Amino acid sequence: MSDQLAITTGLADDNSFSVSASTFNPEGWDYDNELVDIDVLAADHFNNMVPAGTVIVFTAEGGAIPGSCTTGGLTNPDGACSVQWRSQNPRPFATTLVQCPVPFYGDTNPPCMGTSKTLFDSGINSLLPQPRPGRATITAYAIGEESFVDLNGNGLFDVVDTNSDGVIDIDKGETEPFTDISEAFTDHNEDGFYRKISQSSSLADLLVQPVGSVGEEFVDYNNDGKFNKADGKYTGLLCASGPSLACTDTGLDDNRAQVNIFRNIPIVMSGSTPMIRLVSIDGDTMTKATGIDLMDRTDPLNPIPKGAQTVYLFVSDVNNNTLPYGTKISTSIDNGKLLVPAGGEGYAIASNASNKPLIYAFTIGQEDQPNQKLSGALVVTVKTPKGSPVSVTLNIKDGG
């Protein structure tokens, strides 16, 4: 009976392929054997889970990872499998001298900032020029097919007369919408391109290759000895017999073909030495914060309380990447009142893959009751799970 029929291909398609990590920033720059779970979920064109026995293959730019896992079975959920990445050598670009692109009042050490908040936010002053040490790209791939939108509901990839002129022009893109992917590659510099070939119609960009892409490798699915970019055609089992010119042709089984679908994710091998700086931000200008005065002393004989003031902690590891997951940022204060973070509880760095410093705000206001002190200090301490604490001090003046 028709209500008992089910149609699936069982072959993973591109937009149904997910790769995730339990932690993106393990403390792996200084320590071996930090473990990260890498999970893969795969489904076919109809978003039915791929069958048990589907093989997912892995490569890693840094650290080490098992070569593959198999979906389903006794140990994995349907359409899913997992492996564990671990920190060890190689550590990407470990010998690279890290210097910020723009100094902060003469200091070129991380955290990279410059003095303009706008240029920090844009990355011009905050991102290291390539290569960027400590970032290990993991690639997961499997034999699959490209995705398409089934506009006519027949379960197959078709040509479509999109301009309704009675003529189907395949060379003008009159097909059902589809993803078009290249052969799988490991994206070391995280720019989305395989960098050993031209990314434009000109070969000029081959002459200016990002330094961080020097070790990128690809998976030669069709064994032709060269990297194949997206070919402008649908590649998959579901090509209808009519639009063969719009499908990748293997010469087999009515022009049906497969391709490696893939995902790249970065794992930050975060360092254990916090690089920190307290900063004041006035409009777009950032300056080093050494102290604040909660009083307006225009008239020295009659100081007037001012409103709360905020300073910002910029933090990174030695490679200008995020500090490790679980890093604690704690505070102590003996003059004024710490309003942010609320209750003086501090901050904890979550899982993230930032390639520039993180920012945390500290807002200080007047005490609820005078403490009979004209000056004191806010001490901010940053400690990774395995490293030694590093502190910075902000002097605080008030009216007592």
# chains A, B, ... in the order shown; residues from 1 in each chain; ligands from 1
>>> residues_around(residues="Val259 of chain A", least_positions_apart="4", cutoff="6 Å", atoms="only C-alpha atoms", output="list of chain:residue names")
A:Ile143, A:Gly144, A:Glu145
>>> residues_around(residues="segment 61-72 of chain A", least_positions_apart="3", cutoff="6 Å", atoms="only C-alpha atoms", output="PDB file with N, CA and C atoms, in the first residue's frame")
ATOM      1  N   ALA A  52      23.568   2.220   8.972  1.00  0.00           N
ATOM      2  CA  ALA A  52      24.731   1.724   9.707  1.00  0.00           C
ATOM      3  C   ALA A  52      25.775   1.224   8.720  1.00  0.00           C
ATOM      4  N   GLY A  53      27.032   1.494   9.033  1.00  0.00           N
ATOM      5  CA  GLY A  53      28.122   1.070   8.166  1.00  0.00           C
ATOM      6  C   GLY A  53      28.662   2.155   7.268  1.00  0.00           C
ATOM      7  N   THR A  54      28.041   3.345   7.276  1.00  0.00           N
ATOM      8  CA  THR A  54      28.584   4.467   6.503  1.00  0.00           C
ATOM      9  C   THR A  54      29.900   4.917   7.135  1.00  0.00           C
ATOM     10  N   VAL A  55      30.937   5.025   6.338  1.00  0.00           N
ATOM     11  CA  VAL A  55      32.276   5.337   6.848  1.00  0.00           C
ATOM     12  C   VAL A  55      32.551   6.832   6.739  1.00  0.00           C
ATOM     13  N   ILE A  56      32.987   7.427   7.850  1.00  0.00           N
ATOM     14  CA  ILE A  56      33.424   8.827   7.884  1.00  0.00           C
ATOM     15  C   ILE A  56      34.940   8.825   8.080  1.00  0.00           C
ATOM     16  N   VAL A  57      35.652   9.563   7.249  1.00  0.00           N
ATOM     17  CA  VAL A  57      37.113   9.610   7.283  1.00  0.00           C
ATOM     18  C   VAL A  57      37.554  10.949   7.860  1.00  0.00           C
ATOM     19  N   PHE A  58      38.666  10.942   8.624  1.00  0.00           N
ATOM     20  CA  PHE A  58      39.157  12.152   9.280  1.00  0.00           C
ATOM     21  C   PHE A  58      40.624  12.396   8.960  1.00  0.00           C
ATOM     22  N   ASN A  76      27.413   3.335  18.159  1.00  0.00           N
ATOM     23  CA  ASN A  76      27.047   4.670  17.699  1.00  0.00           C
ATOM     24  C   ASN A  76      25.546   4.768  17.420  1.00  0.00           C
ATOM     25  N   PRO A  77      24.969   5.960  17.590  1.00  0.00           N
ATOM     26  CA  PRO A  77      23.559   6.148  17.220  1.00  0.00           C
ATOM     27  C   PRO A  77      23.370   6.019  15.712  1.00  0.00           C
ATOM     28  N   ASP A  78      22.122   5.857  15.280  1.00  0.00           N
ATOM     29  CA  ASP A  78      21.832   5.795  13.845  1.00  0.00           C
ATOM     30  C   ASP A  78      22.305   7.076  13.168  1.00  0.00           C
ATOM     31  N   GLY A  79      22.973   6.933  12.045  1.00  0.00           N
ATOM     32  CA  GLY A  79      23.412   8.086  11.275  1.00  0.00           C
ATOM     33  C   GLY A  79      24.489   8.908  11.932  1.00  0.00           C
ATOM     34  N   ALA A  80      25.187   8.356  12.895  1.00  0.00           N
ATOM     35  CA  ALA A  80      26.174   9.137  13.636  1.00  0.00           C
ATOM     36  C   ALA A  80      27.368   8.281  14.020  1.00  0.00           C
ATOM     37  N   CYS A  81      28.497   8.949  14.219  1.00  0.00           N
ATOM     38  CA  CYS A  81      29.656   8.286  14.830  1.00  0.00           C
ATOM     39  C   CYS A  81      30.584   9.352  15.398  1.00  0.00           C
ATOM     40  N   TRP A  85      39.848  13.430  19.171  1.00  0.00           N
ATOM     41  CA  TRP A  85      41.097  14.112  18.809  1.00  0.00           C
ATOM     42  C   TRP A  85      41.900  14.322  20.082  1.00  0.00           C
ATOM     43  N   ARG A  86      43.230  14.237  19.984  1.00  0.00           N
ATOM     44  CA  ARG A  86      44.061  14.506  21.158  1.00  0.00           C
ATOM     45  C   ARG A  86      45.183  15.467  20.796  1.00  0.00           C
ATOM     46  N   SER A  87      45.573  16.248  21.775  1.00  0.00           N
ATOM     47  CA  SER A  87      46.671  17.196  21.566  1.00  0.00           C
ATOM     48  C   SER A  87      48.008  16.470  21.637  1.00  0.00           C
ATOM     49  N   GLN A  88      48.872  16.817  20.696  1.00  0.00           N
ATOM     50  CA  GLN A  88      50.243  16.311  20.627  1.00  0.00           C
ATOM     51  C   GLN A  88      50.894  17.019  19.451  1.00  0.00           C
ATOM     52  N   ASN A  89      52.162  16.764  19.224  1.00  0.00           N
ATOM     53  CA  ASN A  89      52.792  17.255  18.006  1.00  0.00           C
ATOM     54  C   ASN A  89      52.196  16.533  16.806  1.00  0.00           C
ATOM     55  N   PRO A  90      52.077  17.225  15.651  1.00  0.00           N
ATOM     56  CA  PRO A  90      52.534  18.589  15.392  1.00  0.00           C
ATOM     57  C   PRO A  90      51.567  19.641  15.926  1.00  0.00           C
ATOM     58  N   ARG A  91      52.161  20.758  16.337  1.00  0.00           N
ATOM     59  CA  ARG A  91      51.388  21.941  16.715  1.00  0.00           C
ATOM     60  C   ARG A  91      51.599  22.987  15.619  1.00  0.00           C
ATOM     61  N   PRO A  92      50.541  23.360  14.923  1.00  0.00           N
ATOM     62  CA  PRO A  92      50.680  24.181  13.711  1.00  0.00           C
ATOM     63  C   PRO A  92      51.474  25.466  13.933  1.00  0.00           C
ATOM     64  N   ALA A 136      44.371  24.037  14.671  1.00  0.00           N
ATOM     65  CA  ALA A 136      44.459  22.744  13.992  1.00  0.00           C
ATOM     66  C   ALA A 136      43.134  22.433  13.319  1.00  0.00           C
ATOM     67  N   THR A 137      43.103  22.484  12.003  1.00  0.00           N
ATOM     68  CA  THR A 137      41.887  22.188  11.258  1.00  0.00           C
ATOM     69  C   THR A 137      41.666  20.676  11.196  1.00  0.00           C
TER      70      THR A 137
END
>>> closest_atom_pairs(of="segment 127-159 of chain A", to="segment 206-229 of chain A", cutoff="9 Å", atoms="only C-alpha atoms", output="JSON lines")
{"residue": "A:Pro129", "atom": "CA", "partner": "A:Val211", "partner_atom": "CA", "distance": 8.7}
{"residue": "A:Gln130", "atom": "CA", "partner": "A:Gly212", "partner_atom": "CA", "distance": 5.1}
{"residue": "A:Pro131", "atom": "CA", "partner": "A:Gly212", "partner_atom": "CA", "distance": 4.1}
{"residue": "A:Arg132", "atom": "CA", "partner": "A:Gly212", "partner_atom": "CA", "distance": 6.8}
{"residue": "A:Pro133", "atom": "CA", "partner": "A:Gly212", "partner_atom": "CA", "distance": 8.9}
{"residue": "A:Ile143", "atom": "CA", "partner": "A:Tyr221", "partner_atom": "CA", "distance": 9.0}
>>> write_last_selection(atoms="all heavy atoms", output="tab-separated table (two decimals), in the first residue's frame")
chain	number	residue	atom	x	y	z
A	129	PRO	N	48.62	38.41	11.07
A	129	PRO	CA	48.84	38.04	9.66
A	129	PRO	C	49.15	36.55	9.60
A	129	PRO	O	49.65	35.97	10.56
A	129	PRO	CB	50.03	38.90	9.25
A	129	PRO	CG	50.74	39.22	10.53
A	129	PRO	CD	49.66	39.31	11.58
A	130	GLN	N	48.82	35.93	8.49
A	130	GLN	CA	49.08	34.50	8.39
A	130	GLN	C	50.58	34.23	8.30
A	130	GLN	O	51.32	35.05	7.76
A	130	GLN	CB	48.37	33.94	7.16
A	130	GLN	CG	46.86	34.02	7.29
A	130	GLN	CD	46.15	33.34	6.16
A	130	GLN	OE1	46.56	32.26	5.72
A	130	GLN	NE2	45.08	33.93	5.66
A	131	PRO	N	51.03	33.06	8.83
A	131	PRO	CA	50.23	32.01	9.44
A	131	PRO	C	49.85	32.33	10.88
A	131	PRO	O	50.52	33.13	11.54
A	131	PRO	CB	51.16	30.80	9.40
A	131	PRO	CG	52.52	31.38	9.50
A	131	PRO	CD	52.47	32.69	8.75
A	132	ARG	N	48.79	31.68	11.37
A	132	ARG	CA	48.30	31.87	12.73
A	132	ARG	C	48.54	30.59	13.52
A	132	ARG	O	47.84	29.59	13.31
A	132	ARG	CB	46.82	32.25	12.70
A	132	ARG	CG	46.61	33.59	12.00
A	132	ARG	CD	45.15	33.91	11.79
A	132	ARG	NE	45.04	35.17	11.05
A	132	ARG	CZ	44.10	35.44	10.15
A	132	ARG	NH1	43.18	34.54	9.89
A	132	ARG	NH2	44.07	36.60	9.52
A	133	PRO	N	49.51	30.60	14.42
A	133	PRO	CA	49.86	29.36	15.13
A	133	PRO	C	48.73	28.88	16.04
A	133	PRO	O	47.87	29.63	16.49
A	133	PRO	CB	51.09	29.78	15.97
A	133	PRO	CG	51.61	31.01	15.32
A	133	PRO	CD	50.42	31.71	14.75
A	143	ILE	N	31.74	9.57	1.39
A	143	ILE	CA	31.17	9.49	0.05
A	143	ILE	C	29.70	9.89	0.11
A	143	ILE	O	28.94	9.38	0.94
A	143	ILE	CB	31.32	8.07	-0.52
A	143	ILE	CG1	32.81	7.74	-0.71
A	143	ILE	CG2	30.58	7.94	-1.85
A	143	ILE	CD1	33.06	6.32	-1.15
>>> atom_distance(atom1="atom CA of Asp293 of chain A", atom2="atom CA of Pro370 of chain A")
15.1 Å
>>> closest_residue(among="A:Gly376, A:Gly344, A:Pro177, A:Pro385", to="Thr327 of chain A", atoms="only C-alpha atoms")
A:Pro385
>>> select_by_dssp(residues="segment 367-398 of chain A", states="strand (DSSP E)", output="count of residues only")
17
>>> residues_around(residues="Gly346 of chain A", least_positions_apart="6", cutoff="7 Å", atoms="only C-alpha atoms", output="PyMOL selection string")
chain A and resi 329-331
>>> write_last_selection(atoms="N, CA and C atoms", output="mmCIF file, in the first residue's frame")
data_model
loop_
_atom_site.group_PDB
_atom_site.id
_atom_site.type_symbol
_atom_site.label_atom_id
_atom_site.label_comp_id
_atom_site.auth_asym_id
_atom_site.auth_seq_id
_atom_site.Cartn_x
_atom_site.Cartn_y
_atom_site.Cartn_z
ATOM 1 N N ILE A 329 38.371 33.964 35.269
ATOM 2 C CA ILE A 329 38.761 35.361 35.448
ATOM 3 C C ILE A 329 38.112 35.832 36.745
ATOM 4 N N SER A 330 38.933 36.033 37.770
ATOM 5 C CA SER A 330 38.420 36.378 39.097
ATOM 6 C C SER A 330 38.867 37.776 39.487
ATOM 7 N N THR A 331 38.227 38.336 40.508
ATOM 8 C CA THR A 331 38.517 39.713 40.923
ATOM 9 C C THR A 331 38.603 39.817 42.438
#
>>> residues_around(residues="Thr384 of chain A", least_positions_apart="6", cutoff="10 Å", atoms="only C-alpha atoms", output="PyMOL selection string")
chain A and resi 27+270-274+317+323-329+348-349+390
>>> write_last_selection(atoms="N, CA, C and O atoms", output="PDB file, in the first residue's frame")
ATOM      1  N   GLU A  27      43.255  22.961  26.249  1.00  0.00           N
ATOM      2  CA  GLU A  27      44.553  23.521  26.664  1.00  0.00           C
ATOM      3  C   GLU A  27      45.679  22.669  26.087  1.00  0.00           C
ATOM      4  O   GLU A  27      46.443  22.026  26.801  1.00  0.00           O
ATOM      5  N   SER A 270      44.944  25.866  22.648  1.00  0.00           N
ATOM      6  CA  SER A 270      45.136  27.083  23.443  1.00  0.00           C
ATOM      7  C   SER A 270      46.304  26.947  24.405  1.00  0.00           C
ATOM      8  O   SER A 270      46.546  25.877  24.994  1.00  0.00           O
ATOM      9  N   GLY A 271      47.016  28.066  24.583  1.00  0.00           N
ATOM     10  CA  GLY A 271      48.157  28.095  25.482  1.00  0.00           C
ATOM     11  C   GLY A 271      47.756  28.333  26.926  1.00  0.00           C
ATOM     12  O   GLY A 271      46.649  28.779  27.231  1.00  0.00           O
ATOM     13  N   SER A 272      48.681  28.052  27.840  1.00  0.00           N
ATOM     14  CA  SER A 272      48.420  28.123  29.277  1.00  0.00           C
ATOM     15  C   SER A 272      48.886  29.415  29.916  1.00  0.00           C
ATOM     16  O   SER A 272      48.703  29.603  31.122  1.00  0.00           O
ATOM     17  N   THR A 273      49.485  30.308  29.136  1.00  0.00           N
ATOM     18  CA  THR A 273      49.956  31.586  29.671  1.00  0.00           C
ATOM     19  C   THR A 273      49.023  32.703  29.230  1.00  0.00           C
ATOM     20  O   THR A 273      48.998  33.063  28.046  1.00  0.00           O
ATOM     21  N   PRO A 274      48.230  33.274  30.153  1.00  0.00           N
ATOM     22  CA  PRO A 274      47.329  34.361  29.767  1.00  0.00           C
ATOM     23  C   PRO A 274      48.103  35.620  29.387  1.00  0.00           C
ATOM     24  O   PRO A 274      49.020  36.034  30.095  1.00  0.00           O
ATOM     25  N   ASP A 317      45.808  33.961  24.415  1.00  0.00           N
ATOM     26  CA  ASP A 317      46.974  33.149  24.754  1.00  0.00           C
ATOM     27  C   ASP A 317      48.190  33.717  24.029  1.00  0.00           C
ATOM     28  O   ASP A 317      48.122  34.789  23.411  1.00  0.00           O
ATOM     29  N   LEU A 323      41.918  31.840  25.098  1.00  0.00           N
ATOM     30  CA  LEU A 323      42.447  30.998  26.167  1.00  0.00           C
ATOM     31  C   LEU A 323      41.612  29.726  26.269  1.00  0.00           C
ATOM     32  O   LEU A 323      40.526  29.629  25.700  1.00  0.00           O
ATOM     33  N   PRO A 324      42.089  28.722  27.000  1.00  0.00           N
ATOM     34  CA  PRO A 324      41.396  27.431  27.020  1.00  0.00           C
ATOM     35  C   PRO A 324      40.019  27.477  27.665  1.00  0.00           C
ATOM     36  O   PRO A 324      39.719  28.342  28.503  1.00  0.00           O
ATOM     37  N   TYR A 325      39.210  26.521  27.273  1.00  0.00           N
ATOM     38  CA  TYR A 325      37.921  26.301  27.916  1.00  0.00           C
ATOM     39  C   TYR A 325      38.135  26.094  29.418  1.00  0.00           C
ATOM     40  O   TYR A 325      39.015  25.361  29.840  1.00  0.00           O
ATOM     41  N   GLY A 326      37.301  26.759  30.220  1.00  0.00           N
ATOM     42  CA  GLY A 326      37.403  26.612  31.665  1.00  0.00           C
ATOM     43  C   GLY A 326      38.337  27.595  32.329  1.00  0.00           C
ATOM     44  O   GLY A 326      38.485  27.568  33.561  1.00  0.00           O
ATOM     45  N   THR A 327      38.973  28.494  31.567  1.00  0.00           N
ATOM     46  CA  THR A 327      39.800  29.547  32.172  1.00  0.00           C
ATOM     47  C   THR A 327      38.928  30.436  33.052  1.00  0.00           C
ATOM     48  O   THR A 327      37.836  30.834  32.657  1.00  0.00           O
ATOM     49  N   LYS A 328      39.421  30.753  34.243  1.00  0.00           N
ATOM     50  CA  LYS A 328      38.670  31.570  35.191  1.00  0.00           C
ATOM     51  C   LYS A 328      39.260  32.981  35.261  1.00  0.00           C
ATOM     52  O   LYS A 328      40.478  33.155  35.326  1.00  0.00           O
ATOM     53  N   ILE A 329      38.371  33.964  35.269  1.00  0.00           N
ATOM     54  CA  ILE A 329      38.761  35.361  35.448  1.00  0.00           C
ATOM     55  C   ILE A 329      38.112  35.832  36.745  1.00  0.00           C
ATOM     56  O   ILE A 329      36.887  35.971  36.823  1.00  0.00           O
ATOM     57  N   ALA A 348      34.079  33.069  33.182  1.00  0.00           N
ATOM     58  CA  ALA A 348      34.703  31.814  32.766  1.00  0.00           C
ATOM     59  C   ALA A 348      34.673  31.757  31.240  1.00  0.00           C
ATOM     60  O   ALA A 348      33.668  32.108  30.619  1.00  0.00           O
ATOM     61  N   ILE A 349      35.778  31.353  30.641  1.00  0.00           N
ATOM     62  CA  ILE A 349      35.848  31.276  29.184  1.00  0.00           C
ATOM     63  C   ILE A 349      35.199  29.982  28.713  1.00  0.00           C
ATOM     64  O   ILE A 349      35.562  28.892  29.156  1.00  0.00           O
ATOM     65  N   VAL A 390      47.827  34.867  36.322  1.00  0.00           N
ATOM     66  CA  VAL A 390      48.425  36.137  35.916  1.00  0.00           C
ATOM     67  C   VAL A 390      47.445  37.233  36.312  1.00  0.00           C
ATOM     68  O   VAL A 390      46.241  37.113  36.080  1.00  0.00           O
TER      69      VAL A 390
END
>>> closest_residue(among="A:Asp165, A:Asp334, A:Glu176, A:Asp249", to="Asn152 of chain A", atoms="only C-alpha atoms")
A:Glu176
>>> select_by_dssp(residues="segment 39-285 of chain A", states="helix (DSSP H, G or I)", output="list in words")
Lys117, Thr118, Leu119, Phe120, Asp121, Ser122, Ile170, Asp171, Lys172, Ala204, Asp205, Leu206, Leu207, Val211, Gly212, Ser213, Ser244, Leu245 and Ala246 of chain A
>>> write_last_selection(atoms="all heavy atoms", output="compact mmCIF listing (two decimals), in the first residue's frame")
# COMPACT_ATOMS: atom_id res chain seq x y z
N LYS A 117 39.11 50.98 18.48
CA LYS A 117 38.13 49.91 18.73
C LYS A 117 37.50 49.45 17.42
O LYS A 117 37.23 48.25 17.23
CB LYS A 117 37.03 50.43 19.67
CG LYS A 117 35.97 49.39 20.03
CD LYS A 117 36.57 48.23 20.80
CE LYS A 117 35.49 47.39 21.49
NZ LYS A 117 34.46 46.86 20.62
N THR A 118 37.26 50.36 16.50
CA THR A 118 36.68 49.99 15.21
C THR A 118 37.58 49.04 14.45
O THR A 118 37.13 48.03 13.90
CB THR A 118 36.42 51.24 14.36
OG1 THR A 118 35.50 52.10 15.04
CG2 THR A 118 35.85 50.88 13.00
N LEU A 119 38.89 49.33 14.43
CA LEU A 119 39.83 48.48 13.71
C LEU A 119 40.08 47.19 14.45
O LEU A 119 40.44 46.18 13.84
CB LEU A 119 41.13 49.24 13.47
CG LEU A 119 41.01 50.47 12.56
CD1 LEU A 119 42.37 51.14 12.38
CD2 LEU A 119 40.41 50.11 11.21
N PHE A 120 39.91 47.20 15.77
CA PHE A 120 39.96 45.94 16.52
C PHE A 120 38.79 45.06 16.11
O PHE A 120 38.96 43.88 15.79
CB PHE A 120 39.91 46.19 18.02
CG PHE A 120 39.81 44.92 18.83
CD1 PHE A 120 40.95 44.25 19.24
CD2 PHE A 120 38.57 44.39 19.17
CE1 PHE A 120 40.86 43.06 19.97
CE2 PHE A 120 38.46 43.21 19.90
CZ PHE A 120 39.61 42.55 20.30
N ASP A 121 37.59 45.61 16.13
CA ASP A 121 36.40 44.83 15.81
C ASP A 121 36.45 44.27 14.39
O ASP A 121 36.01 43.15 14.14
CB ASP A 121 35.13 45.68 15.97
CG ASP A 121 34.85 46.05 17.42
OD1 ASP A 121 35.35 45.35 18.33
OD2 ASP A 121 34.14 47.06 17.64
N SER A 122 37.00 45.04 13.47
CA SER A 122 37.06 44.60 12.08
C SER A 122 38.11 43.53 11.84
O SER A 122 38.09 42.84 10.82
CB SER A 122 37.36 45.79 11.16
OG SER A 122 38.70 46.24 11.33
N ILE A 170 20.15 24.98 -19.95
CA ILE A 170 20.96 24.45 -18.86
C ILE A 170 22.18 25.32 -18.61
O ILE A 170 22.59 25.55 -17.47
CB ILE A 170 21.37 22.99 -19.16
CG1 ILE A 170 20.14 22.10 -19.18
CG2 ILE A 170 22.38 22.50 -18.13
CD1 ILE A 170 20.43 20.67 -19.57
N ASP A 171 22.76 25.84 -19.71
CA ASP A 171 23.97 26.66 -19.55
C ASP A 171 23.67 28.00 -18.87
O ASP A 171 24.58 28.71 -18.46
CB ASP A 171 24.64 26.91 -20.90
CG ASP A 171 23.73 27.63 -21.90
OD1 ASP A 171 22.49 27.62 -21.68
OD2 ASP A 171 24.26 28.18 -22.87
N LYS A 172 22.39 28.35 -18.74
CA LYS A 172 22.01 29.57 -18.02
C LYS A 172 21.45 29.27 -16.63
O LYS A 172 20.84 30.12 -16.00
CB LYS A 172 21.00 30.36 -18.83
CG LYS A 172 21.55 30.89 -20.15
CD LYS A 172 20.51 31.70 -20.91
CE LYS A 172 21.08 32.21 -22.23
NZ LYS A 172 20.07 32.99 -23.00
N ALA A 204 46.50 35.24 -11.52
CA ALA A 204 47.28 36.22 -10.75
C ALA A 204 47.26 35.90 -9.26
O ALA A 204 48.26 36.10 -8.57
CB ALA A 204 46.73 37.62 -11.00
N ASP A 205 46.12 35.39 -8.77
CA ASP A 205 46.06 35.17 -7.32
C ASP A 205 46.92 33.99 -6.88
O ASP A 205 47.16 33.80 -5.71
CB ASP A 205 44.61 34.99 -6.85
CG ASP A 205 43.91 33.81 -7.49
OD1 ASP A 205 44.40 33.34 -8.54
OD2 ASP A 205 42.89 33.38 -6.95
N LEU A 206 47.40 33.19 -7.83
CA LEU A 206 48.34 32.13 -7.48
C LEU A 206 49.66 32.71 -6.98
O LEU A 206 50.41 32.06 -6.25
CB LEU A 206 48.60 31.22 -8.67
CG LEU A 206 47.58 30.10 -8.91
CD1 LEU A 206 47.91 29.38 -10.20
CD2 LEU A 206 47.56 29.13 -7.75
N LEU A 207 49.96 33.93 -7.39
CA LEU A 207 51.22 34.56 -7.01
C LEU A 207 51.18 35.11 -5.60
O LEU A 207 52.21 35.44 -5.02
CB LEU A 207 51.57 35.68 -8.01
CG LEU A 207 51.68 35.24 -9.47
CD1 LEU A 207 51.93 36.46 -10.35
CD2 LEU A 207 52.77 34.20 -9.63
N VAL A 211 50.20 32.60 3.53
CA VAL A 211 51.24 31.75 4.12
C VAL A 211 50.63 30.59 4.88
O VAL A 211 51.16 29.48 4.91
CB VAL A 211 52.14 32.60 5.04
CG1 VAL A 211 53.20 31.74 5.68
CG2 VAL A 211 52.80 33.72 4.24
N GLY A 212 49.47 30.84 5.51
CA GLY A 212 48.86 29.79 6.32
C GLY A 212 48.32 28.63 5.53
O GLY A 212 47.92 27.62 6.11
N SER A 213 48.30 28.72 4.20
CA SER A 213 47.73 27.65 3.39
C SER A 213 48.79 26.73 2.77
O SER A 213 48.45 25.85 1.98
CB SER A 213 46.89 28.25 2.26
OG SER A 213 47.71 28.92 1.31
N SER A 244 20.57 15.10 -18.22
CA SER A 244 21.91 14.54 -18.03
C SER A 244 23.01 15.57 -18.24
O SER A 244 24.07 15.49 -17.61
CB SER A 244 22.12 13.35 -18.98
OG SER A 244 21.94 13.76 -20.33
N LEU A 245 22.77 16.56 -19.10
CA LEU A 245 23.80 17.57 -19.33
C LEU A 245 24.01 18.46 -18.10
O LEU A 245 25.03 19.13 -18.00
CB LEU A 245 23.42 18.44 -20.54
CG LEU A 245 23.44 17.74 -21.90
CD1 LEU A 245 22.99 18.71 -22.99
CD2 LEU A 245 24.81 17.17 -22.21
N ALA A 246 23.05 18.46 -17.19
CA ALA A 246 23.17 19.28 -15.99
C ALA A 246 23.74 18.49 -14.82
O ALA A 246 23.84 19.01 -13.71
CB ALA A 246 21.80 19.84 -15.60
>>> residues_around(residues="Ile359 of chain A", least_positions_apart="5", cutoff="8 Å", atoms="only C-alpha atoms", output="list of chain:residue names")
A:Tyr312, A:Leu313, A:Phe314, A:Val315
>>> closest_residue(among="A:Val36, A:Leu203, A:Ile181, A:Pro266", to="Asp231 of chain A", atoms="only C-alpha atoms")
A:Ile181
>>> closest_residue(among="A:Asn189, A:Glu345, A:Thr95, A:Gly123", to="Ser332 of chain A", atoms="only C-alpha atoms")
A:Glu345
>>> closest_residue(among="A:Ser351, A:Thr115, A:Thr175, A:Asn109", to="Leu128 of chain A", atoms="only C-alpha atoms")
A:Asn109
